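Next up, structure37.pdb (PDB, C-alpha atoms, pLDDT in the B column):
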ATOM      1  CA  GLU A1126     -87.300 -35.179  16.230  1.00 70.00           C
ATOM      2  CA  THR A1127     -84.808 -37.373  18.071  1.00 86.00           C
ATOM      3  CA  LEU A1128     -86.066 -40.348  16.100  1.00 88.00           C
ATOM      4  CA  LYS A1129     -85.374 -38.501  12.823  1.00 87.00           C
ATOM      5  CA  GLU A1130     -81.852 -37.632  14.002  1.00 88.00           C
ATOM      6  CA  VAL A1131     -81.199 -41.262  14.925  1.00 89.00           C
ATOM      7  CA  GLN A1132     -82.532 -42.484  11.561  1.00 88.00           C
ATOM      8  CA  SER A1133     -80.428 -39.892   9.738  1.00 89.00           C
ATOM      9  CA  ALA A1134     -77.305 -40.915  11.676  1.00 90.00           C
ATOM     10  CA  LEU A1135     -78.085 -44.589  11.016  1.00 89.00           C
ATOM     11  CA  GLY A1136     -78.490 -43.878   7.299  1.00 89.00           C
ATOM     12  CA  ARG A1137     -75.162 -42.036   7.235  1.00 91.00           C
ATOM     13  CA  LEU A1138     -73.434 -44.896   9.077  1.00 92.00           C
ATOM     14  CA  LEU A1139     -74.842 -47.422   6.588  1.00 90.00           C
ATOM     15  CA  GLU A1140     -73.553 -45.290   3.690  1.00 91.00           C
ATOM     16  CA  LEU A1141     -70.104 -45.153   5.296  1.00 92.00           C
ATOM     17  CA  LYS A1142     -70.167 -48.906   5.894  1.00 90.00           C
ATOM     18  CA  ASN A1143     -71.042 -49.624   2.244  1.00 88.00           C
ATOM     19  CA  LYS A1144     -68.387 -47.199   1.009  1.00 90.00           C
ATOM     20  CA  HIS A1145     -65.810 -48.804   3.298  1.00 91.00           C
ATOM     21  CA  ALA A1146     -66.768 -52.299   2.074  1.00 88.00           C
ATOM     22  CA  ALA A1147     -66.373 -51.225  -1.572  1.00 88.00           C
ATOM     23  CA  GLU A1148     -62.989 -49.598  -0.928  1.00 90.00           C
ATOM     24  CA  THR A1149     -61.810 -52.646   1.037  1.00 88.00           C
ATOM     25  CA  GLU A1150     -62.814 -54.948  -1.826  1.00 87.00           C
ATOM     26  CA  GLU A1151     -60.921 -52.757  -4.305  1.00 89.00           C
ATOM     27  CA  VAL A1152     -57.776 -52.803  -2.143  1.00 90.00           C
ATOM     28  CA  ARG A1153     -58.033 -56.591  -1.703  1.00 87.00           C
ATOM     29  CA  ASN A1154     -58.320 -57.057  -5.487  1.00 84.00           C
ATOM     30  CA  LYS A1155     -55.226 -54.910  -6.078  1.00 89.00           C
ATOM     31  CA  LEU A1156     -53.356 -56.802  -3.359  1.00 87.00           C
ATOM     32  CA  SER A1157     -54.219 -60.191  -4.833  1.00 82.00           C
ATOM     33  CA  ALA A1158     -53.120 -58.993  -8.306  1.00 82.00           C
ATOM     34  CA  VAL A1159     -49.754 -57.864  -6.900  1.00 86.00           C
ATOM     35  CA  GLU A1160     -49.346 -61.145  -4.995  1.00 80.00           C
ATOM     36  CA  LEU A1161     -50.031 -63.095  -8.206  1.00 72.00           C
ATOM     37  CA  GLU A1162     -47.528 -60.965 -10.118  1.00 77.00           C
ATOM     38  CA  LEU A1163     -44.886 -61.492  -7.419  1.00 76.00           C
ATOM     39  CA  HIS A1164     -45.552 -65.220  -7.412  1.00 68.00           C
ATOM     40  CA  GLU A1165     -44.952 -65.345 -11.169  1.00 66.00           C
ATOM     41  CA  ILE A1166     -41.712 -63.368 -10.850  1.00 66.00           C
ATOM     42  CA  ASP A1167     -40.344 -65.049  -7.728  1.00 58.00           C
ATOM     43  CA  HIS A1168     -39.043 -68.411  -8.901  1.00 61.00           C
ATOM     44  CA  GLU A1169     -35.649 -70.066  -9.019  1.00 66.00           C
ATOM     45  CA  GLY A1170     -35.023 -69.904 -12.779  1.00 70.00           C
ATOM     46  CA  GLU A1171     -34.181 -67.015 -15.063  1.00 77.00           C
ATOM     47  CA  VAL A1172     -36.864 -64.813 -16.554  1.00 77.00           C
ATOM     48  CA  GLN A1173     -36.110 -64.216 -20.219  1.00 83.00           C
ATOM     49  CA  ASN A1174     -37.331 -61.764 -22.801  1.00 84.00           C
ATOM     50  CA  VAL A1175     -36.397 -62.954 -26.290  1.00 89.00           C
ATOM     51  CA  GLN A1176     -36.573 -61.227 -29.652  1.00 89.00           C
ATOM     52  CA  TYR A1177     -35.725 -63.014 -32.892  1.00 91.00           C
ATOM     53  CA  PHE A1178     -34.314 -61.368 -35.996  1.00 90.00           C
ATOM     54  CA  ASP A1179     -34.019 -62.601 -39.573  1.00 89.00           C
ATOM     55  CA  VAL A1180     -32.583 -60.326 -42.270  1.00 88.00           C
ATOM     56  CA  PRO A1181     -31.938 -61.632 -45.811  1.00 88.00           C
ATOM     57  CA  TRP A1182     -28.650 -61.069 -47.593  1.00 85.00           C
ATOM     58  CA  ARG A1183     -28.120 -57.833 -49.524  1.00 80.00           C
ATOM     59  CA  PHE A1184     -26.387 -56.997 -52.775  1.00 82.00           C
ATOM     60  CA  PHE A1185     -24.750 -53.717 -51.794  1.00 84.00           C
ATOM     61  CA  HIS A1186     -25.435 -53.332 -48.059  1.00 86.00           C
ATOM     62  CA  TYR A1187     -24.735 -55.215 -44.877  1.00 90.00           C
ATOM     63  CA  PRO A1188     -27.750 -56.804 -43.202  1.00 89.00           C
ATOM     64  CA  ARG A1189     -28.807 -54.797 -40.134  1.00 90.00           C
ATOM     65  CA  ALA A1190     -31.395 -55.221 -37.375  1.00 90.00           C
ATOM     66  CA  GLU A1191     -32.664 -52.999 -34.563  1.00 92.00           C
ATOM     67  CA  ILE A1192     -33.753 -54.722 -31.364  1.00 91.00           C
ATOM     68  CA  LYS A1193     -35.712 -53.292 -28.401  1.00 92.00           C
ATOM     69  CA  LEU A1194     -36.235 -55.420 -25.285  1.00 91.00           C
ATOM     70  CA  SER A1195     -37.049 -54.633 -21.676  1.00 88.00           C
ATOM     71  CA  SER A1196     -35.640 -56.376 -18.644  1.00 86.00           C
ATOM     72  CA  ARG A1197     -37.960 -57.778 -16.006  1.00 80.00           C
ATOM     73  CA  HIS A1198     -35.614 -57.196 -13.072  1.00 79.00           C
ATOM     74  CA  LEU A1199     -33.001 -54.676 -11.995  1.00 79.00           C
ATOM     75  CA  THR A1200     -29.976 -56.871 -12.776  1.00 84.00           C
ATOM     76  CA  PHE A1201     -29.856 -58.659 -16.120  1.00 87.00           C
ATOM     77  CA  THR A1202     -27.559 -60.080 -18.787  1.00 89.00           C
ATOM     78  CA  THR A1203     -27.864 -59.629 -22.531  1.00 91.00           C
ATOM     79  CA  SER A1204     -26.890 -62.335 -25.034  1.00 91.00           C
ATOM     80  CA  VAL A1205     -26.803 -62.278 -28.828  1.00 92.00           C
ATOM     81  CA  ILE A1206     -27.043 -65.731 -30.401  1.00 91.00           C
ATOM     82  CA  ASP A1207     -26.262 -66.192 -34.097  1.00 90.00           C
ATOM     83  CA  THR A1208     -28.491 -68.861 -35.660  1.00 88.00           C
ATOM     84  CA  SER A1209     -27.595 -68.214 -39.312  1.00 85.00           C
ATOM     85  CA  GLY A1210     -25.766 -71.548 -39.659  1.00 83.00           C
ATOM     86  CA  TYR A1211     -22.435 -70.289 -40.970  1.00 83.00           C
ATOM     87  CA  SER A1212     -19.195 -71.802 -39.666  1.00 83.00           C
ATOM     88  CA  LYS A1213     -18.359 -68.473 -37.946  1.00 83.00           C
ATOM     89  CA  GLU A1214     -20.558 -66.149 -35.956  1.00 84.00           C
ATOM     90  CA  TYR A1215     -20.755 -62.968 -38.024  1.00 86.00           C
ATOM     91  CA  VAL A1216     -23.386 -61.006 -36.063  1.00 90.00           C
ATOM     92  CA  GLN A1217     -21.836 -58.013 -34.339  1.00 89.00           C
ATOM     93  CA  VAL A1218     -23.349 -55.543 -31.881  1.00 92.00           C
ATOM     94  CA  GLN A1219     -22.787 -52.137 -33.427  1.00 92.00           C
ATOM     95  CA  SER A1220     -24.382 -50.189 -30.577  1.00 92.00           C
ATOM     96  CA  GLU A1221     -26.166 -50.963 -27.320  1.00 93.00           C
ATOM     97  CA  THR A1222     -28.105 -48.451 -25.236  1.00 92.00           C
ATOM     98  CA  VAL A1223     -29.641 -49.172 -21.834  1.00 91.00           C
ATOM     99  CA  THR A1224     -32.361 -46.746 -20.711  1.00 90.00           C
ATOM    100  CA  PRO A1225     -33.674 -46.947 -17.121  1.00 88.00           C
ATOM    101  CA  LEU A1226     -37.452 -47.341 -16.782  1.00 85.00           C
ATOM    102  CA  GLU A1227     -39.795 -46.968 -13.818  1.00 83.00           C
ATOM    103  CA  GLY A1228     -39.628 -49.652 -11.161  1.00 79.00           C
ATOM    104  CA  GLY A1229     -35.929 -50.336 -11.638  1.00 78.00           C
ATOM    105  CA  LEU A1230     -36.367 -51.993 -15.036  1.00 85.00           C
ATOM    106  CA  SER A1231     -34.386 -51.156 -18.169  1.00 87.00           C
ATOM    107  CA  LEU A1232     -35.007 -50.849 -21.897  1.00 90.00           C
ATOM    108  CA  VAL A1233     -32.208 -52.382 -23.989  1.00 92.00           C
ATOM    109  CA  GLU A1234     -31.841 -51.091 -27.551  1.00 94.00           C
ATOM    110  CA  MET A1235     -29.314 -52.746 -29.871  1.00 94.00           C
ATOM    111  CA  GLU A1236     -28.172 -52.277 -33.431  1.00 94.00           C
ATOM    112  CA  LEU A1237     -26.870 -55.491 -34.965  1.00 93.00           C
ATOM    113  CA  VAL A1238     -24.936 -55.869 -38.189  1.00 92.00           C
ATOM    114  CA  THR A1239     -23.289 -58.616 -40.206  1.00 89.00           C
ATOM    115  CA  PRO A1240     -20.348 -56.891 -41.929  1.00 88.00           C
ATOM    116  CA  HIS A1241     -20.419 -59.119 -45.030  1.00 84.00           C
ATOM    117  CA  VAL A1242     -22.369 -58.695 -48.264  1.00 82.00           C
ATOM    118  CA  PHE A1243     -24.173 -61.762 -49.657  1.00 86.00           C
ATOM    119  CA  THR A1244     -24.581 -63.035 -46.069  1.00 85.00           C
ATOM    120  CA  SER A1245     -27.928 -63.337 -44.327  1.00 87.00           C
ATOM    121  CA  MET A1246     -28.323 -62.583 -40.628  1.00 89.00           C
ATOM    122  CA  SER A1247     -30.548 -64.476 -38.226  1.00 90.00           C
ATOM    123  CA  GLY A1248     -30.529 -65.113 -34.506  1.00 90.00           C
ATOM    124  CA  LYS A1249     -31.987 -64.005 -31.232  1.00 92.00           C
ATOM    125  CA  VAL A1250     -31.304 -61.524 -28.469  1.00 92.00           C
ATOM    126  CA  VAL A1251     -31.994 -62.692 -24.910  1.00 92.00           C
ATOM    127  CA  VAL A1252     -32.351 -60.404 -21.890  1.00 90.00           C
ATOM    128  CA  ALA A1253     -32.227 -62.739 -18.884  1.00 88.00           C
ATOM    129  CA  SER A1254     -32.643 -61.748 -15.253  1.00 81.00           C
ATOM    130  CA  LYS A1255     -33.098 -63.385 -11.865  1.00 71.00           C
TER
END
Would you write out, as C-alpha cells, the structure that this file holds?
Amino acid sequence: ETLKEVQSALGRLLELKNKHAAETEEVRNKLSAVELELHEIDHEGEVQNVQYFDVPWRFFHYPRAEIKLSSRHLTFTTSVIDTSGYSKEYVQVQSETVTPLEGGLSLVEMELVTPHVFTSMSGKVVVASK
C-alpha cells in the first residue's frame, strides 16, 4: 500500500510539474509580447497616427469631414495640414473632442470644415506623441 501511495504522490507531482511548465510558458509568451511592444514604442522619434481626408466641392454646402484618431501615448499634439493647393489654408477645425481611453491613451474626434462653396477640401490630421 505504501508503494501505491508513493506512485500516486509521484503522479500528482508530475501533473503539477506539467501544469507549472505550461503556465510558465504562457507567462513567458505574454512577457515577450509586451517587451516587443515596448521596444516598438520606445524610440527617439515621434509616433504618428495619420488620417487623410478628401472632400469634393459642393454647390450649396460647405465641404465637411469627421476625423477619429487615437493617440499612442499620454501626451500628444494634433496638427491639421491643408493639402488642397489653394493660396490660403481654408480648412478650419469646427470642433475637437478628446476622450480618455484605457491605458492613458486618448481618442481625438474632429469636425473639419472649409467655409467656402465651390472649394474642395483635402489634407491630413496628425496625432503625434513621444
Spell out the residues picked by the PyMOL selection byres ((chain A and resi 1250) around 9) here, as a ChimeraX atom specification.
-> /A:1174-1178,1192,1194,1203-1207,1248-1249,1251-1252
Which residues match the PyMOL selection byres ((chain A and resi 1238-1241) around 7) in the file above, as a ChimeraX atom specification?
-> /A:1187-1190,1215-1219,1236-1237,1242-1244,1246
Run through the PyMOL selection byres ((chain A and resi 1229) around 12) on the given coordinates and return the selected residues as an NGL selection string.
-> :A and (1195-1201 or 1224-1228 or 1230-1232)
How many Å lie between CA of Glu1171 in chain A and CA of Val1223 in chain A, rounded to one decimal?
-> 19.6 Å
Using all atoms of range 1147-1165 of chain A that appear in the file, construct an axis-aligned enclosing box with 5 Å of padding on every side and provide its centre coordinates and edge lengths in Å, rounded to one decimal, as lines of an AutoDock Vina configuration file.
center_x = -55.6
center_y = -57.5
center_z = -5.1
size_x = 31.5
size_y = 25.7
size_z = 22.2
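In this structure, CA of Leu1135 in chain A sits 22.5 Å away from CA of Glu1150 in chain A.
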Write out as an mmCIF file with C-alpha atoms, in the frame of the given file which residues come within 7 Å of Ser1247 in chain A when counting only C-alpha atoms, dropping same-chain ones fewer than 2 positions away.
data_model
loop_
_atom_site.group_PDB
_atom_site.id
_atom_site.type_symbol
_atom_site.label_atom_id
_atom_site.label_comp_id
_atom_site.auth_asym_id
_atom_site.auth_seq_id
_atom_site.Cartn_x
_atom_site.Cartn_y
_atom_site.Cartn_z
ATOM 1 C CA PHE A 1178 -34.314 -61.368 -35.996
ATOM 2 C CA ASP A 1179 -34.019 -62.601 -39.573
ATOM 3 C CA VAL A 1180 -32.583 -60.326 -42.270
ATOM 4 C CA ASP A 1207 -26.262 -66.192 -34.097
ATOM 5 C CA THR A 1208 -28.491 -68.861 -35.660
ATOM 6 C CA SER A 1209 -27.595 -68.214 -39.312
ATOM 7 C CA SER A 1245 -27.928 -63.337 -44.327
#
